[in-house]
Amino acid sequence: MSSQPIRVVGYSERGLVNALVHYLRYHQEALPDFLRSFEWLVPHHQDGNIEHIITWFDECEVTFIVESSFAQFGDPDLILVLAPRDQTMQRHLFFIEGKVVPWEKSAKPNSEGMSLRGFNSSINGQLSLRYRLARALAAYDTEAMIQGSGYPPALVEPPELHQAAKKELKDPIRKPRHLQKPQVLQTLVPMLKTGGPESASSFIEAAFLLSITADSENPLPRQSEDALPLYPANDEYEAKCAEIAKTRTGWTGWKKLAERIEGLGEDGDFKEVYDLS
């Protein structure tokens, strides 16, 4: 057998996400700069909040969930979970989608919505689904699921959110989007949510909807509403939740990460995938 080292080559979004997670796992001191690299749809709106979150990093358990499947809510590229060891404190979720192209080349028009082929794979379509996943998590009774026996109850988005998505995004699914696979409900969901149902607005305040693209500067402020993530709403409370989600919508770039996070740009695995992609 050859004594030469085996070369492992990553490519495209998946390769970049895997290389980034691998680097952050072994360079945890880089996590603050990773979060600080994000810019916001509402400029600077979350800068102070991110700094506050960073102050209690040492009191958190950090989990990366990579390429998980959440059934009708899609397959997030990456979820970063910051779970305080103090169970009375709110955990923070960072839903992250990566693209090797600029925002404009990935986005698809909300006006055509899910009737358009590939919409759910577009950057705005994916973040809209992650918002709906977060809303389903807010309503879920994780505590009852853990204490119960037999088949766990499904994770389901609120019916009013589904109705708004049918109207605004032409969602073709007749019933509210849901996840019912027991393995995911019993293993991944408790990492994202503890306890019983929560207020949607307070849960969304701790959920960030983030993108990493090939843009050299923040593309969000220059996008039309048709190319931004659409968070469906058909009443006053739903509109309140959607507005909160907009303030938690952020962006960073692969090049910006390579320049901002010390050592990442020189990391062999990340650099090779970045150059190939």
# chains A, B, ... in the order shown; residues from 1 in each chain; ligands from 1
>>> select_by_dssp(residues="range 19-265 of chain A", states="strand (DSSP E)", output="ChimeraX atom specification")
/A:39-40,60-66,78-84,92-98,155-156,178-179,207-213,249-253
>>> write_last_selection(atoms="N, CA and C atoms", output="mmCIF file, in the first residue's frame")
data_model
loop_
_atom_site.group_PDB
_atom_site.id
_atom_site.type_symbol
_atom_site.label_atom_id
_atom_site.label_comp_id
_atom_site.auth_asym_id
_atom_site.auth_seq_id
_atom_site.Cartn_x
_atom_site.Cartn_y
_atom_site.Cartn_z
ATOM 1 N N GLU A 39 -22.823 41.158 8.505
ATOM 2 C CA GLU A 39 -23.481 42.450 8.356
ATOM 3 C C GLU A 39 -24.970 42.185 8.167
ATOM 4 N N TRP A 40 -25.790 43.232 8.277
ATOM 5 C CA TRP A 40 -27.213 43.006 8.463
ATOM 6 C C TRP A 40 -28.070 43.670 7.401
ATOM 7 N N CYS A 60 -21.151 28.701 27.403
ATOM 8 C CA CYS A 60 -22.018 27.993 26.449
ATOM 9 C C CYS A 60 -21.408 26.676 25.986
ATOM 10 N N GLU A 61 -22.291 25.767 25.635
ATOM 11 C CA GLU A 61 -21.902 24.612 24.835
ATOM 12 C C GLU A 61 -22.146 24.975 23.376
ATOM 13 N N VAL A 62 -21.133 24.773 22.539
ATOM 14 C CA VAL A 62 -21.213 25.153 21.127
ATOM 15 C C VAL A 62 -21.390 23.890 20.288
ATOM 16 N N THR A 63 -22.402 23.896 19.432
ATOM 17 C CA THR A 63 -22.663 22.747 18.563
ATOM 18 C C THR A 63 -22.827 23.222 17.131
ATOM 19 N N PHE A 64 -22.159 22.534 16.199
ATOM 20 C CA PHE A 64 -22.386 22.737 14.772
ATOM 21 C C PHE A 64 -23.186 21.549 14.250
ATOM 22 N N ILE A 65 -24.295 21.811 13.601
ATOM 23 C CA ILE A 65 -25.086 20.763 12.947
ATOM 24 C C ILE A 65 -24.954 20.997 11.442
ATOM 25 N N VAL A 66 -24.344 20.058 10.747
ATOM 26 C CA VAL A 66 -23.984 20.237 9.343
ATOM 27 C C VAL A 66 -24.872 19.372 8.448
ATOM 28 N N LEU A 78 -25.821 24.655 7.569
ATOM 29 C CA LEU A 78 -25.157 24.696 8.873
ATOM 30 C C LEU A 78 -26.067 25.365 9.889
ATOM 31 N N ILE A 79 -26.125 24.791 11.088
ATOM 32 C CA ILE A 79 -26.786 25.445 12.220
ATOM 33 C C ILE A 79 -25.771 25.514 13.355
ATOM 34 N N LEU A 80 -25.496 26.711 13.805
ATOM 35 C CA LEU A 80 -24.643 26.912 14.970
ATOM 36 C C LEU A 80 -25.559 27.122 16.167
ATOM 37 N N VAL A 81 -25.363 26.309 17.198
ATOM 38 C CA VAL A 81 -26.177 26.390 18.408
ATOM 39 C C VAL A 81 -25.298 26.826 19.568
ATOM 40 N N LEU A 82 -25.685 27.906 20.236
ATOM 41 C CA LEU A 82 -25.021 28.339 21.461
ATOM 42 C C LEU A 82 -25.991 28.092 22.609
ATOM 43 N N ALA A 83 -25.679 27.083 23.429
ATOM 44 C CA ALA A 83 -26.574 26.672 24.503
ATOM 45 C C ALA A 83 -25.922 26.981 25.848
ATOM 46 N N PRO A 84 -26.434 27.990 26.571
ATOM 47 C CA PRO A 84 -25.875 28.307 27.888
ATOM 48 C C PRO A 84 -26.001 27.119 28.844
ATOM 49 N N HIS A 92 -29.189 30.405 21.525
ATOM 50 C CA HIS A 92 -29.233 31.141 20.268
ATOM 51 C C HIS A 92 -28.947 30.189 19.113
ATOM 52 N N LEU A 93 -29.708 30.349 18.055
ATOM 53 C CA LEU A 93 -29.578 29.521 16.860
ATOM 54 C C LEU A 93 -29.160 30.393 15.688
ATOM 55 N N PHE A 94 -28.182 29.909 14.936
ATOM 56 C CA PHE A 94 -27.711 30.614 13.744
ATOM 57 C C PHE A 94 -27.887 29.669 12.560
ATOM 58 N N PHE A 95 -28.928 29.912 11.758
ATOM 59 C CA PHE A 95 -29.159 29.127 10.548
ATOM 60 C C PHE A 95 -28.329 29.756 9.429
ATOM 61 N N ILE A 96 -27.429 28.977 8.835
ATOM 62 C CA ILE A 96 -26.453 29.536 7.895
ATOM 63 C C ILE A 96 -26.528 28.793 6.565
ATOM 64 N N GLU A 97 -26.685 29.559 5.484
ATOM 65 C CA GLU A 97 -26.703 29.002 4.133
ATOM 66 C C GLU A 97 -25.538 29.570 3.338
ATOM 67 N N GLY A 98 -24.806 28.688 2.653
ATOM 68 C CA GLY A 98 -23.654 29.118 1.871
ATOM 69 C C GLY A 98 -23.890 28.998 0.375
ATOM 70 N N LEU A 155 -43.152 17.866 14.365
ATOM 71 C CA LEU A 155 -42.802 19.286 14.424
ATOM 72 C C LEU A 155 -43.551 19.966 13.285
ATOM 73 N N VAL A 156 -44.437 20.917 13.597
ATOM 74 C CA VAL A 156 -45.334 21.485 12.593
ATOM 75 C C VAL A 156 -45.322 23.007 12.691
ATOM 76 N N HIS A 178 -44.136 20.118 7.906
ATOM 77 C CA HIS A 178 -43.900 19.381 9.141
ATOM 78 C C HIS A 178 -42.700 18.446 9.007
ATOM 79 N N LEU A 179 -42.274 17.973 10.139
ATOM 80 C CA LEU A 179 -41.201 16.974 10.249
ATOM 81 C C LEU A 179 -41.689 15.921 11.225
ATOM 82 N N ALA A 207 -33.000 33.753 17.071
ATOM 83 C CA ALA A 207 -32.723 32.934 15.885
ATOM 84 C C ALA A 207 -32.235 33.838 14.753
ATOM 85 N N PHE A 208 -31.067 33.554 14.229
ATOM 86 C CA PHE A 208 -30.468 34.374 13.184
ATOM 87 C C PHE A 208 -30.508 33.618 11.860
ATOM 88 N N LEU A 209 -30.793 34.353 10.786
ATOM 89 C CA LEU A 209 -30.946 33.786 9.446
ATOM 90 C C LEU A 209 -29.838 34.367 8.575
ATOM 91 N N LEU A 210 -28.804 33.560 8.343
ATOM 92 C CA LEU A 210 -27.550 34.088 7.823
ATOM 93 C C LEU A 210 -27.144 33.452 6.498
ATOM 94 N N SER A 211 -26.412 34.222 5.710
ATOM 95 C CA SER A 211 -25.916 33.746 4.418
ATOM 96 C C SER A 211 -24.428 34.023 4.290
ATOM 97 N N ILE A 212 -23.757 33.161 3.533
ATOM 98 C CA ILE A 212 -22.361 33.387 3.147
ATOM 99 C C ILE A 212 -22.313 33.253 1.629
ATOM 100 N N THR A 213 -21.914 34.305 0.937
ATOM 101 C CA THR A 213 -21.923 34.289 -0.529
ATOM 102 C C THR A 213 -20.580 34.763 -1.086
ATOM 103 N N THR A 249 -31.578 38.972 9.963
ATOM 104 C CA THR A 249 -31.107 38.469 8.670
ATOM 105 C C THR A 249 -29.772 39.104 8.341
ATOM 106 N N GLY A 250 -28.761 38.260 8.117
ATOM 107 C CA GLY A 250 -27.414 38.794 7.931
ATOM 108 C C GLY A 250 -26.641 38.116 6.816
ATOM 109 N N TRP A 251 -25.493 38.709 6.514
ATOM 110 C CA TRP A 251 -24.638 38.228 5.410
ATOM 111 C C TRP A 251 -23.171 38.375 5.786
ATOM 112 N N THR A 252 -22.364 37.443 5.288
ATOM 113 C CA THR A 252 -20.924 37.640 5.193
ATOM 114 C C THR A 252 -20.451 36.969 3.911
ATOM 115 N N GLY A 253 -19.207 37.222 3.540
ATOM 116 C CA GLY A 253 -18.668 36.650 2.298
ATOM 117 C C GLY A 253 -17.529 35.691 2.588
#
>>> residues_around(residues="range 13-20 of chain A", least_positions_apart="4", cutoff="9 Å", atoms="only C-alpha atoms", output="PyMOL selection string")
chain A and resi 9+24-25+66-67+77-78+97-100+254+264+267+269-271+273-274+277
>>> select_by_dssp(residues="range 34-158 of chain A", states="alpha helix (DSSP H)", output="number ranges by chain")
A: 34-36, 47-55, 103-106, 123-139, 142-147
>>> write_last_selection(atoms="C-alpha atoms", output="PDB file, in the first residue's frame")
ATOM      1  CA  PHE A  34     -16.786  34.606  12.739  1.00  0.00           C
ATOM      2  CA  LEU A  35     -19.944  36.107  14.251  1.00  0.00           C
ATOM      3  CA  ARG A  36     -18.587  39.659  14.057  1.00  0.00           C
ATOM      4  CA  ASP A  47     -23.833  44.491  16.127  1.00  0.00           C
ATOM      5  CA  GLY A  48     -24.442  45.188  19.813  1.00  0.00           C
ATOM      6  CA  ASN A  49     -26.466  42.005  20.281  1.00  0.00           C
ATOM      7  CA  ILE A  50     -23.680  39.904  18.755  1.00  0.00           C
ATOM      8  CA  GLU A  51     -21.146  41.499  21.111  1.00  0.00           C
ATOM      9  CA  HIS A  52     -23.436  40.692  24.043  1.00  0.00           C
ATOM     10  CA  ILE A  53     -23.729  37.058  22.918  1.00  0.00           C
ATOM     11  CA  ILE A  54     -19.939  36.824  22.597  1.00  0.00           C
ATOM     12  CA  THR A  55     -19.473  37.921  26.225  1.00  0.00           C
ATOM     13  CA  TRP A 103     -26.566  36.806  -3.931  1.00  0.00           C
ATOM     14  CA  GLU A 104     -28.095  38.041  -7.200  1.00  0.00           C
ATOM     15  CA  LYS A 105     -27.120  34.851  -9.035  1.00  0.00           C
ATOM     16  CA  SER A 106     -28.729  32.611  -6.428  1.00  0.00           C
ATOM     17  CA  ILE A 123     -30.672  31.795  -1.088  1.00  0.00           C
ATOM     18  CA  ASN A 124     -33.857  33.735  -0.319  1.00  0.00           C
ATOM     19  CA  GLY A 125     -36.022  30.630  -0.625  1.00  0.00           C
ATOM     20  CA  GLN A 126     -33.803  28.683   1.764  1.00  0.00           C
ATOM     21  CA  LEU A 127     -33.781  31.400   4.415  1.00  0.00           C
ATOM     22  CA  SER A 128     -37.567  31.683   4.191  1.00  0.00           C
ATOM     23  CA  LEU A 129     -37.848  27.950   4.923  1.00  0.00           C
ATOM     24  CA  ARG A 130     -35.401  28.264   7.843  1.00  0.00           C
ATOM     25  CA  TYR A 131     -37.631  30.962   9.306  1.00  0.00           C
ATOM     26  CA  ARG A 132     -40.579  28.599   9.071  1.00  0.00           C
ATOM     27  CA  LEU A 133     -38.487  25.897  10.761  1.00  0.00           C
ATOM     28  CA  ALA A 134     -37.697  28.318  13.588  1.00  0.00           C
ATOM     29  CA  ARG A 135     -41.400  29.100  13.975  1.00  0.00           C
ATOM     30  CA  ALA A 136     -42.185  25.378  14.161  1.00  0.00           C
ATOM     31  CA  LEU A 137     -39.502  24.943  16.825  1.00  0.00           C
ATOM     32  CA  ALA A 138     -40.979  27.788  18.877  1.00  0.00           C
ATOM     33  CA  ALA A 139     -44.348  26.020  18.963  1.00  0.00           C
ATOM     34  CA  THR A 142     -39.760  19.292  23.394  1.00  0.00           C
ATOM     35  CA  GLU A 143     -40.212  18.515  27.070  1.00  0.00           C
ATOM     36  CA  ALA A 144     -43.388  16.526  26.476  1.00  0.00           C
ATOM     37  CA  MET A 145     -41.745  14.711  23.564  1.00  0.00           C
ATOM     38  CA  ILE A 146     -38.800  13.635  25.736  1.00  0.00           C
ATOM     39  CA  GLN A 147     -40.999  12.526  28.626  1.00  0.00           C
TER      40      GLN A 147
END
>>> atom_distance(atom1="CA of Lys167 in chain A", atom2="CA of Gly113 in chain A")
9.8 Å
>>> closest_residue(among="A:Phe70, A:Tyr140, A:Tyr23, A:Tyr151", to="Glu262 in chain A", atoms="only C-alpha atoms")
A:Tyr23
>>> residues_around(residues="range 86-90 of chain A", least_positions_apart="5", cutoff="10 Å", atoms="only C-alpha atoms", output="JSON, numbers by chain")
{"A": [59, 60, 193, 194, 195, 202, 203, 205, 206]}
>>> atom_distance(atom1="CA of Val42 in chain A", atom2="CA of Leu220 in chain A")
8.6 Å
>>> atom_distance(atom1="CA of Thr247 in chain A", atom2="CA of Tyr231 in chain A")
11.7 Å
>>> residues_around(residues="Asp235 in chain A", least_positions_apart="6", cutoff="12 Å", atoms="only C-alpha atoms", output="list in words")
Glu160, Leu161, Gln163, Ala164, Cys241 and Ala242 of chain A
>>> write_last_selection(atoms="N, CA and C atoms", output="CSV table (one decimal), in the first residue's frame")
chain,number,residue,atom,x,y,z
A,160,GLU,N,-51.5,29.4,10.6
A,160,GLU,CA,-51.6,30.7,10.0
A,160,GLU,C,-50.3,31.1,9.2
A,161,LEU,N,-49.2,30.6,9.6
A,161,LEU,CA,-48.0,30.9,8.8
A,161,LEU,C,-48.0,30.1,7.5
A,163,GLN,N,-50.7,29.3,5.9
A,163,GLN,CA,-51.7,30.0,5.0
A,163,GLN,C,-51.1,31.3,4.4
A,164,ALA,N,-50.3,32.0,5.1
A,164,ALA,CA,-49.6,33.2,4.6
A,164,ALA,C,-48.6,32.8,3.5
A,241,CYS,N,-43.5,39.2,14.0
A,241,CYS,CA,-42.5,38.2,13.9
A,241,CYS,C,-41.6,38.3,12.7
A,242,ALA,N,-42.3,38.6,11.6
A,242,ALA,CA,-41.5,38.8,10.3
A,242,ALA,C,-40.5,40.0,10.4
>>> decode(residues="range 206-220 of chain A", atoms="C-alpha atoms", output="PDB file, in the first residue's frame")
ATOM      1  CA  ALA A 206     -32.738  34.474  19.384  1.00  0.00           C
ATOM      2  CA  ALA A 207     -32.723  32.934  15.885  1.00  0.00           C
ATOM      3  CA  PHE A 208     -30.468  34.374  13.184  1.00  0.00           C
ATOM      4  CA  LEU A 209     -30.946  33.786   9.446  1.00  0.00           C
ATOM      5  CA  LEU A 210     -27.550  34.088   7.823  1.00  0.00           C
ATOM      6  CA  SER A 211     -25.916  33.746   4.418  1.00  0.00           C
ATOM      7  CA  ILE A 212     -22.361  33.387   3.147  1.00  0.00           C
ATOM      8  CA  THR A 213     -21.923  34.289  -0.529  1.00  0.00           C
ATOM      9  CA  ALA A 214     -19.283  35.242  -3.083  1.00  0.00           C
ATOM     10  CA  ASP A 215     -20.148  38.951  -2.798  1.00  0.00           C
ATOM     11  CA  SER A 216     -17.334  41.304  -1.821  1.00  0.00           C
ATOM     12  CA  GLU A 217     -19.682  43.602   0.120  1.00  0.00           C
ATOM     13  CA  ASN A 218     -23.040  43.298   1.850  1.00  0.00           C
ATOM     14  CA  PRO A 219     -25.623  42.663  -0.920  1.00  0.00           C
ATOM     15  CA  LEU A 220     -28.709  42.801   1.303  1.00  0.00           C
TER      16      LEU A 220
END
